[in-house]
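Undergrad: To start, I am sharing the structure in question, which I have written as C-alpha cells.
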Amino acid sequence: MRVRMRVLGAVSAALVGVVTLVLPAGAAPAQVAPGGPRYTAGAAGAGDAYFPSAGNGGYDVRHYDLDITYAPPPAAPAPLVGQLSGVATIDFVATQDLDRFNLDLRGLSVQAVTIGDKPAGKVAPPAPGATVDGAAYWQVQDDAARVWELTVQPRPKIKKGQAARVVVAYGGQTIRPLDIEGALYGWVTMRDGAMVVGEPEGSMTWYPVSDHQTDKATYSFEITVPEGKVAVANGLPARDPVTEDGWTTWFWDAPDAQASYLTTASVGDFDLRFSETAEGLPIVDAVDDNLTATNRATTEASLALQADMIGFLEAAFVPYPFNSSGAIVDDDTVGYALETQTRPVYSRVARESTVVHELAHQWFGDAVSPGRWQDIWLNEGWATYVEWLWSEHSGRETAQMSFDDVMDIPADNAFWELPIADPGADDLFEAPIYDRGAATLHALRGKIGDDAFFAATREWLTRYDDSTGTTEDFQAISEEASGQDLQAFFDVWLRAPGRPTTW
Ligand SMILES: [Zn+2]
C-alpha cells in the first residue's frame, strides 16, 4: 500500500550520485581479454537506477533458508531495541565465473561465512588488485551513502552454472530502520515483537540477501521467539511449533518464487487462525490480540471478505498465484500496509478497501513484480484500479465515477506534475502513482475496449508470472492485444506531466 506523508525532501538524486561513486568491492569491471582470467567479480548491484547497490550480480538465488532467533525489547521504558541472531543458508547458481560476489546486509554484523563446507576467514577489504589467499569475507556499511554490502571471495572460485551453498551466521541489535523517504521499513522493532515489511530494499535489515525483485527465490523459515509470542512468515506452516526452555520455534515454508521485499517474519501477540476458500485455498490470518474494539470489528468484517475477493479477482484475471493467503494485523504500526507475499501486513486495522488492494497485489506486484523500481505504478495503479472494480462490484461507486473523481483534480494541481513512469526514488508512494496509475488503466480500457484490455491483462499475468515486467513490456502487450499503436497514449498518461486532455 505504502501511502504516507513524505518525511524527507528530494535528497535521492544526491544520494544516488554518491552511491555510484563508492560502490564497494565487487564492482570490478569484467575481464575479457583473450587469455586473461575468466573469473570476475559479481556486480555489487542489480542495476536499478533508484537503488544502485540493492541486489547483486553474478548469481541467481534459488532458495533462502532462514533460521532466526529473536528477542523483542524489554518492557518500557527500555529502548525499542531487540536482539536477532540468524543463520541464513543461501542456495544459488552462478551466472558467470565468480571470483567473488556480494550479498546485501544492513545494520547487522557477520560472525562466519561458509561456502559448501569451507569456512571463510574475515579479512579487511583488499587493496585493488591485491591477492587474498583462501576464502574471505568483508562488510561495507555506509549509512550516509545507503551502501550495505557483504563481499565473499570463495576459494575455490565458482564456475558459471555451478550450484553453491553459502551459509552466513550473523546478528546484532535490531532497531527501526528508515527507507529513503524516512519511513519505517525492514525489520521494525516493536515493543511486542517486530513488524517486517521490506519494500523497497529493506529485507537486507534482517537477512543477507540479493535484495532486488529481479532475483526471486523460494524460502523456508525457522523463527525462534520467547514462548507466548507468535512468528508468522510467508506460505504455510511446515510443521507444528516446538517449545523448549521458554522459547518457541515456528516453521514456515514458502515454495512459490518470491521477491525479497515481499518476505516477512512478523512477531507479535497474534491469534493464529486457519480457514480456506470454497476452492480449498488455505487462508492463515494472524490478528493481534490487542486491537481496539472498533478496529477489531472493522478488521474481522474485512477479513471475512477475503475468499470472496479472491474469487472476484480470479474471475476477472487468472487463478490465484500462490499456495495460500491470509493477513497479519498488528496493533503496533509502521503506518501503512504491505502486500507481503501470501500474507499482507496491516497496521492497526484492515479496512475493506485496503484488503482488496493488498490481495490485488498478489497478482499485480507479487506474481508479476516491477522490473525496476521506477515501474512502481504497475503495482500501485493496478491495486488501486482493483479497489475501483471491487467498489463497483459491491454496488458502490463505479470505476467510471472513480476515474471522474481523479479527472476533477484541477489541471494546475501539483498532482499532475509527477511523471509516474519515472517518479524518482523519493516519490515511489506518492498519491499520483496510485490514482493517476489507476486512471491510466481505466483510460486504456476505454481506448482498446474490454476484450482487448482483459486479454492483455491475462497475458501480462501469464507471461511474466514468477518474474518481473516493465512499463515498456506492459505497453507492448497492450499493443499486441489491441493491434493499436499506443505510444502516444502511454506518453500522455505516464511520461508527460500535466492532466491528459486527449489520448
Ligand atoms: Zn499498494
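In the C-alpha cells, chains take the letters A, B, ... in the order shown, each chain's residues start at 1, and ligands count up from 1 in the order shown.
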Where does DSSP see strand (DSSP E or B) in stretch 8-236 of chain A, if you list the residues as a PyMOL selection string?
TA: chain A and resi 40-41+59-71+82-94+98-104+109-115+118-122+136-142+147-153+158+163-174+178+184+186-190+193-197+209+217-226+230-233+236
Undergrad: Each residue of chain A lying at most 9 Å from ligand 1 should get a row with its shortest atom-to-atom pair and the distance in Å to one decimal, counting only C-alpha atoms and all ligand atoms; could you produce that, ordered by chain and increasing number, as a tab-separated table?
TA:
```
residue	atom	partner	partner_atom_place_in_ligand_line	distance
A:Met1	CA	ligand 1	1 (Zn)	3.0
A:Arg2	CA	ligand 1	1 (Zn)	5.9
A:Val3	CA	ligand 1	1 (Zn)	7.9
A:Ala337	CA	ligand 1	1 (Zn)	7.8
A:Leu338	CA	ligand 1	1 (Zn)	6.8
A:Glu339	CA	ligand 1	1 (Zn)	6.9
A:Thr354	CA	ligand 1	1 (Zn)	8.4
A:His357	CA	ligand 1	1 (Zn)	6.2
A:Glu358	CA	ligand 1	1 (Zn)	6.1
A:Ala360	CA	ligand 1	1 (Zn)	8.5
A:His361	CA	ligand 1	1 (Zn)	6.6
A:Gly365	CA	ligand 1	1 (Zn)	8.5
A:Asn379	CA	ligand 1	1 (Zn)	6.4
A:Glu380	CA	ligand 1	1 (Zn)	4.7
A:Gly381	CA	ligand 1	1 (Zn)	8.1
A:Trp382	CA	ligand 1	1 (Zn)	8.5
A:Ala383	CA	ligand 1	1 (Zn)	5.8
A:Thr384	CA	ligand 1	1 (Zn)	7.2
A:Phe429	CA	ligand 1	1 (Zn)	8.5
A:Tyr434	CA	ligand 1	1 (Zn)	7.8
```
Undergrad: Write a file of the selected residues as a compact mmCIF listing (two decimals), in the first residue's frame, keeping all heavy atoms.
TA:
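Saved to out27.txt:
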```txt
# COMPACT_ATOMS: atom_id res chain seq x y z
N MET A 1 0.85 -1.19 0.00
CA MET A 1 0.00 0.00 0.00
C MET A 1 0.89 1.23 0.00
O MET A 1 1.00 1.93 -0.97
CB MET A 1 -0.91 -0.03 1.23
CG MET A 1 -1.88 1.14 1.29
SD MET A 1 -3.25 0.96 0.14
CE MET A 1 -4.22 2.39 0.52
N ARG A 2 1.56 1.45 1.07
CA ARG A 2 2.57 2.49 1.14
C ARG A 2 2.03 3.86 0.78
O ARG A 2 2.53 4.54 -0.11
CB ARG A 2 3.78 2.16 0.25
CG ARG A 2 4.48 0.86 0.57
CD ARG A 2 4.96 0.77 1.99
NE ARG A 2 5.93 1.78 2.33
CZ ARG A 2 7.24 1.63 2.26
NH1 ARG A 2 7.75 0.53 1.85
NH2 ARG A 2 8.04 2.60 2.64
N VAL A 3 0.97 4.33 1.44
CA VAL A 3 0.57 5.73 1.30
C VAL A 3 0.92 6.41 2.61
O VAL A 3 0.46 6.01 3.66
CB VAL A 3 -0.94 5.88 1.08
CG1 VAL A 3 -1.28 7.34 0.82
CG2 VAL A 3 -1.39 5.02 -0.07
N ALA A 337 0.10 -0.47 5.13
CA ALA A 337 0.01 -1.91 4.89
C ALA A 337 0.98 -2.29 3.78
O ALA A 337 1.36 -1.45 2.97
CB ALA A 337 -1.42 -2.28 4.49
N LEU A 338 1.39 -3.55 3.76
CA LEU A 338 2.25 -4.03 2.67
C LEU A 338 1.81 -5.41 2.24
O LEU A 338 1.45 -6.25 3.07
CB LEU A 338 3.72 -4.05 3.09
CG LEU A 338 4.67 -4.44 1.94
CD1 LEU A 338 4.72 -3.35 0.86
CD2 LEU A 338 6.08 -4.73 2.44
N GLU A 339 1.92 -5.64 0.91
CA GLU A 339 1.41 -6.86 0.29
C GLU A 339 2.39 -8.02 0.41
O GLU A 339 2.62 -8.74 -0.57
CB GLU A 339 1.09 -6.58 -1.18
CG GLU A 339 2.29 -6.12 -2.04
CD GLU A 339 2.52 -4.62 -2.09
OE1 GLU A 339 2.04 -3.92 -1.19
OE2 GLU A 339 3.19 -4.16 -3.04
N THR A 354 -8.50 -1.61 1.77
CA THR A 354 -7.09 -1.96 1.88
C THR A 354 -6.88 -3.45 1.64
O THR A 354 -5.92 -3.87 1.00
CB THR A 354 -6.55 -1.57 3.27
OG1 THR A 354 -6.94 -0.22 3.56
CG2 THR A 354 -5.04 -1.66 3.32
N HIS A 357 -7.07 -4.17 -1.97
CA HIS A 357 -5.85 -3.61 -2.57
C HIS A 357 -4.67 -4.58 -2.39
O HIS A 357 -3.97 -4.89 -3.36
CB HIS A 357 -5.56 -2.25 -1.89
CG HIS A 357 -4.33 -1.56 -2.36
ND1 HIS A 357 -4.36 -0.39 -3.09
CD2 HIS A 357 -3.03 -1.83 -2.16
CE1 HIS A 357 -3.13 0.01 -3.34
NE2 HIS A 357 -2.29 -0.85 -2.78
N GLU A 358 -4.46 -5.03 -1.16
CA GLU A 358 -3.31 -5.91 -0.90
C GLU A 358 -3.50 -7.28 -1.56
O GLU A 358 -2.53 -7.89 -2.02
CB GLU A 358 -3.07 -6.06 0.60
CG GLU A 358 -2.90 -4.75 1.38
CD GLU A 358 -1.85 -3.81 0.83
OE1 GLU A 358 -0.96 -4.26 0.08
OE2 GLU A 358 -1.92 -2.60 1.14
N ALA A 360 -5.11 -7.71 -4.40
CA ALA A 360 -4.82 -7.45 -5.82
C ALA A 360 -3.32 -7.50 -6.09
O ALA A 360 -2.86 -7.97 -7.14
CB ALA A 360 -5.38 -6.09 -6.23
N HIS A 361 -2.54 -7.02 -5.12
CA HIS A 361 -1.07 -7.05 -5.28
C HIS A 361 -0.53 -8.47 -5.40
O HIS A 361 0.58 -8.66 -5.91
CB HIS A 361 -0.39 -6.39 -4.09
CG HIS A 361 -0.25 -4.90 -4.19
ND1 HIS A 361 0.28 -4.27 -5.30
CD2 HIS A 361 -0.50 -3.92 -3.28
CE1 HIS A 361 0.32 -2.96 -5.06
NE2 HIS A 361 -0.15 -2.72 -3.85
N GLY A 365 2.26 -7.20 -8.71
CA GLY A 365 3.33 -6.79 -7.80
C GLY A 365 4.07 -7.99 -7.26
O GLY A 365 5.30 -7.99 -7.20
N ASN A 379 2.48 -1.70 -9.92
CA ASN A 379 1.94 -2.26 -8.67
C ASN A 379 0.74 -1.44 -8.18
O ASN A 379 -0.36 -1.95 -7.97
CB ASN A 379 3.00 -2.21 -7.56
CG ASN A 379 4.06 -3.28 -7.68
OD1 ASN A 379 4.25 -3.86 -8.74
ND2 ASN A 379 4.77 -3.52 -6.59
N GLU A 380 0.99 -0.15 -7.95
CA GLU A 380 0.02 0.66 -7.21
C GLU A 380 -1.16 1.10 -8.07
O GLU A 380 -2.28 1.23 -7.59
CB GLU A 380 0.71 1.85 -6.55
CG GLU A 380 1.85 1.45 -5.60
CD GLU A 380 1.45 0.46 -4.53
OE1 GLU A 380 0.23 0.26 -4.32
OE2 GLU A 380 2.35 -0.14 -3.91
N GLY A 381 -0.90 1.36 -9.36
CA GLY A 381 -2.01 1.70 -10.24
C GLY A 381 -2.98 0.53 -10.36
O GLY A 381 -4.21 0.71 -10.26
N TRP A 382 -2.44 -0.65 -10.53
CA TRP A 382 -3.30 -1.83 -10.65
C TRP A 382 -4.06 -2.11 -9.36
O TRP A 382 -5.27 -2.40 -9.37
CB TRP A 382 -2.49 -3.06 -11.07
CG TRP A 382 -2.55 -3.31 -12.55
CD1 TRP A 382 -1.53 -3.21 -13.44
CD2 TRP A 382 -3.71 -3.69 -13.30
NE1 TRP A 382 -1.98 -3.50 -14.71
CE2 TRP A 382 -3.31 -3.81 -14.65
CE3 TRP A 382 -5.04 -3.95 -12.97
CZ2 TRP A 382 -4.19 -4.17 -15.67
CZ3 TRP A 382 -5.93 -4.29 -13.98
CH2 TRP A 382 -5.50 -4.40 -15.31
N ALA A 383 -3.35 -2.06 -8.20
CA ALA A 383 -4.03 -2.36 -6.94
C ALA A 383 -5.14 -1.34 -6.67
O ALA A 383 -6.21 -1.68 -6.16
CB ALA A 383 -3.03 -2.40 -5.80
N THR A 384 -4.89 -0.09 -7.03
CA THR A 384 -5.91 0.94 -6.85
C THR A 384 -7.07 0.71 -7.83
O THR A 384 -8.25 0.86 -7.47
CB THR A 384 -5.30 2.34 -7.06
OG1 THR A 384 -4.21 2.50 -6.14
CG2 THR A 384 -6.33 3.43 -6.84
N PHE A 429 5.79 6.36 -3.57
CA PHE A 429 4.49 6.09 -2.94
C PHE A 429 3.65 7.35 -2.82
O PHE A 429 2.82 7.49 -1.93
CB PHE A 429 4.71 5.41 -1.58
CG PHE A 429 5.58 4.18 -1.71
CD1 PHE A 429 6.87 4.17 -1.24
CD2 PHE A 429 5.09 3.04 -2.35
CE1 PHE A 429 7.68 3.04 -1.39
CE2 PHE A 429 5.88 1.92 -2.50
CZ PHE A 429 7.18 1.92 -2.02
N TYR A 434 -0.66 6.04 -7.44
CA TYR A 434 -1.85 5.22 -7.22
C TYR A 434 -3.00 5.66 -8.12
O TYR A 434 -3.58 4.87 -8.87
CB TYR A 434 -2.29 5.33 -5.75
CG TYR A 434 -1.28 4.77 -4.77
CD1 TYR A 434 -0.10 5.46 -4.48
CD2 TYR A 434 -1.49 3.56 -4.14
CE1 TYR A 434 0.83 4.95 -3.59
CE2 TYR A 434 -0.56 3.04 -3.24
CZ TYR A 434 0.60 3.74 -2.97
OH TYR A 434 1.51 3.24 -2.10
```
Undergrad: Rank A:Tyr50, A:Val168, A:Asp332, A:Arg445 by their smallest atom-to-atom distance to A:Asp427, using only C-alpha atoms, and report the top residue only.
TA: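 Once distances to A:Asp427 are computed over only C-alpha atoms, the minimum belongs to A:Tyr50.
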Undergrad: Which one of A:Val349, A:Ile409, A:Ile448, A:Ile90 sits closest to A:Thr298 if you count only C-alpha atoms?
TA: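 So, comparing all the options, the nearest one is A:Val349.
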Undergrad: Given only C-alpha atoms, how would the per-residue table for stretch 376-464 of chain A near stretch 309-315 of chain A read, listing every residue at most 12 Å away with its closest atom pair and distance in Å to one decimal, sorted by chain and number, as JSON lines?
TA:
```
{"residue": "A:Trp382", "atom": "CA", "partner": "A:Leu313", "partner_atom": "CA", "distance": 11.9}
{"residue": "A:Ala383", "atom": "CA", "partner": "A:Leu313", "partner_atom": "CA", "distance": 11.0}
{"residue": "A:Tyr385", "atom": "CA", "partner": "A:Leu313", "partner_atom": "CA", "distance": 11.8}
{"residue": "A:Val386", "atom": "CA", "partner": "A:Leu313", "partner_atom": "CA", "distance": 8.3}
{"residue": "A:Glu387", "atom": "CA", "partner": "A:Met309", "partner_atom": "CA", "distance": 10.4}
{"residue": "A:Leu389", "atom": "CA", "partner": "A:Phe312", "partner_atom": "CA", "distance": 9.6}
{"residue": "A:Trp390", "atom": "CA", "partner": "A:Met309", "partner_atom": "CA", "distance": 7.9}
{"residue": "A:Ser391", "atom": "CA", "partner": "A:Met309", "partner_atom": "CA", "distance": 11.1}
{"residue": "A:Glu392", "atom": "CA", "partner": "A:Phe312", "partner_atom": "CA", "distance": 11.7}
{"residue": "A:His393", "atom": "CA", "partner": "A:Phe312", "partner_atom": "CA", "distance": 8.7}
{"residue": "A:Ser394", "atom": "CA", "partner": "A:Met309", "partner_atom": "CA", "distance": 10.4}
{"residue": "A:Phe454", "atom": "CA", "partner": "A:Ala315", "partner_atom": "CA", "distance": 10.9}
{"residue": "A:Thr457", "atom": "CA", "partner": "A:Leu313", "partner_atom": "CA", "distance": 11.9}
{"residue": "A:Arg458", "atom": "CA", "partner": "A:Glu314", "partner_atom": "CA", "distance": 10.4}
{"residue": "A:Leu461", "atom": "CA", "partner": "A:Glu314", "partner_atom": "CA", "distance": 11.4}
```
Undergrad: Would you mind listing what lies within 8 Å of A:Thr205 as a PyMOL selection string, with only C-alpha atoms counted and same-chain residues fewer than 4 positions away left out?
TA: chain A and resi 105-108+177+186-187
Undergrad: Take the residues that were just selected and, keeping all heavy atoms, output them as a PDB file, in the first residue's frame.
TA:
```pdb
ATOM      1  N   LEU A 105      23.472  -6.664   3.296  1.00  0.00           N
ATOM      2  CA  LEU A 105      23.174  -6.855   4.717  1.00  0.00           C
ATOM      3  C   LEU A 105      23.414  -5.533   5.426  1.00  0.00           C
ATOM      4  O   LEU A 105      24.498  -4.971   5.342  1.00  0.00           O
ATOM      5  CB  LEU A 105      24.054  -7.949   5.330  1.00  0.00           C
ATOM      6  CG  LEU A 105      23.746  -8.263   6.809  1.00  0.00           C
ATOM      7  CD1 LEU A 105      22.327  -8.837   6.966  1.00  0.00           C
ATOM      8  CD2 LEU A 105      24.776  -9.258   7.369  1.00  0.00           C
ATOM      9  N   ARG A 106      22.381  -5.047   6.106  1.00  0.00           N
ATOM     10  CA  ARG A 106      22.413  -3.704   6.690  1.00  0.00           C
ATOM     11  C   ARG A 106      22.190  -3.745   8.202  1.00  0.00           C
ATOM     12  O   ARG A 106      21.195  -4.307   8.670  1.00  0.00           O
ATOM     13  CB  ARG A 106      21.309  -2.855   6.031  1.00  0.00           C
ATOM     14  CG  ARG A 106      21.105  -1.499   6.677  1.00  0.00           C
ATOM     15  CD  ARG A 106      20.004  -0.724   5.958  1.00  0.00           C
ATOM     16  NE  ARG A 106      19.672   0.508   6.648  1.00  0.00           N
ATOM     17  CZ  ARG A 106      18.681   1.322   6.317  1.00  0.00           C
ATOM     18  NH1 ARG A 106      17.924   1.030   5.273  1.00  0.00           N
ATOM     19  NH2 ARG A 106      18.444   2.421   7.006  1.00  0.00           N
ATOM     20  N   GLY A 107      23.113  -3.142   8.939  1.00  0.00           N
ATOM     21  CA  GLY A 107      22.900  -2.916  10.366  1.00  0.00           C
ATOM     22  C   GLY A 107      23.190  -4.113  11.253  1.00  0.00           C
ATOM     23  O   GLY A 107      23.057  -4.017  12.472  1.00  0.00           O
ATOM     24  N   LEU A 108      23.547  -5.243  10.660  1.00  0.00           N
ATOM     25  CA  LEU A 108      23.874  -6.440  11.428  1.00  0.00           C
ATOM     26  C   LEU A 108      25.275  -6.869  11.041  1.00  0.00           C
ATOM     27  O   LEU A 108      25.755  -6.558   9.951  1.00  0.00           O
ATOM     28  CB  LEU A 108      22.866  -7.558  11.125  1.00  0.00           C
ATOM     29  CG  LEU A 108      21.408  -7.246  11.493  1.00  0.00           C
ATOM     30  CD1 LEU A 108      20.477  -8.315  10.930  1.00  0.00           C
ATOM     31  CD2 LEU A 108      21.244  -7.136  13.009  1.00  0.00           C
ATOM     32  N   PRO A 177      14.685   0.648  11.205  1.00  0.00           N
ATOM     33  CA  PRO A 177      15.316   1.236  10.016  1.00  0.00           C
ATOM     34  C   PRO A 177      14.363   2.147   9.241  1.00  0.00           C
ATOM     35  O   PRO A 177      13.140   1.970   9.286  1.00  0.00           O
ATOM     36  CB  PRO A 177      15.696   0.024   9.168  1.00  0.00           C
ATOM     37  CG  PRO A 177      15.560  -1.162  10.060  1.00  0.00           C
ATOM     38  CD  PRO A 177      14.563  -0.807  11.111  1.00  0.00           C
ATOM     39  N   GLY A 186      11.620  -2.579   6.755  1.00  0.00           N
ATOM     40  CA  GLY A 186      12.552  -3.644   7.108  1.00  0.00           C
ATOM     41  C   GLY A 186      12.101  -4.345   8.379  1.00  0.00           C
ATOM     42  O   GLY A 186      10.904  -4.515   8.628  1.00  0.00           O
ATOM     43  N   TRP A 187      13.080  -4.744   9.195  1.00  0.00           N
ATOM     44  CA  TRP A 187      12.762  -5.390  10.478  1.00  0.00           C
ATOM     45  C   TRP A 187      12.495  -4.275  11.472  1.00  0.00           C
ATOM     46  O   TRP A 187      13.418  -3.709  12.053  1.00  0.00           O
ATOM     47  CB  TRP A 187      13.923  -6.274  10.941  1.00  0.00           C
ATOM     48  CG  TRP A 187      13.596  -7.071  12.169  1.00  0.00           C
ATOM     49  CD1 TRP A 187      13.611  -6.618  13.462  1.00  0.00           C
ATOM     50  CD2 TRP A 187      13.199  -8.441  12.223  1.00  0.00           C
ATOM     51  NE1 TRP A 187      13.239  -7.627  14.315  1.00  0.00           N
ATOM     52  CE2 TRP A 187      12.976  -8.768  13.583  1.00  0.00           C
ATOM     53  CE3 TRP A 187      12.991  -9.437  11.250  1.00  0.00           C
ATOM     54  CZ2 TRP A 187      12.583 -10.046  13.990  1.00  0.00           C
ATOM     55  CZ3 TRP A 187      12.601 -10.695  11.666  1.00  0.00           C
ATOM     56  CH2 TRP A 187      12.398 -10.994  13.022  1.00  0.00           C
TER      57      TRP A 187
END
```
Undergrad: Quick one: residues within 10 Å of A:Thr243, only C-alpha atoms counted, chain neighbours fewer than 4 positions away excluded, as a list in words?
TA: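 Those residues are Thr224, Val225, Pro226, Glu227, Gly228, Trp247, Thr248, Thr249 and Trp250 of chain A.
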Undergrad: Between A:Pro419, A:Gly371, A:Pro208, A:Pro321, which residue has the minimum interatomic distance to A:Val113, considering only C-alpha atoms?
TA: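 Closest to A:Val113, using only C-alpha atoms: A:Pro208.
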Undergrad: Excluding A:Gly498 and its own-chain neighbours fewer than 3 positions away, which residues fall within 12 Å of it when counting only C-alpha atoms? Please give them as a list of chain:residue names.
TA: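 So the residues in contact are A:Met407, A:Ile409, A:Pro410, A:Ala411, A:Asp412, A:Asn413, A:Ala414, A:Phe415, A:Trp416, A:Glu417, A:Leu418, A:Pro419, A:Ile420, A:Pro432, A:Arg436, A:Asp491, A:Val492, A:Trp493, A:Leu494, A:Arg495, A:Thr501, A:Thr502.
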Undergrad: So, counting only C-alpha atoms, which residue among A:Thr89, A:Gln96, A:Gln83, A:Ser478 is closest to A:Arg38?
TA: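 Closest to A:Arg38, using only C-alpha atoms: A:Gln96.
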Undergrad: What's the 10 Å shell around A:Ala476, counting only C-alpha atoms, without same-chain residues fewer than 5 positions away, as JSON, numbers by chain?
TA: {"A": [456, 460, 470, 471, 481, 482, 484, 485, 486, 487]}
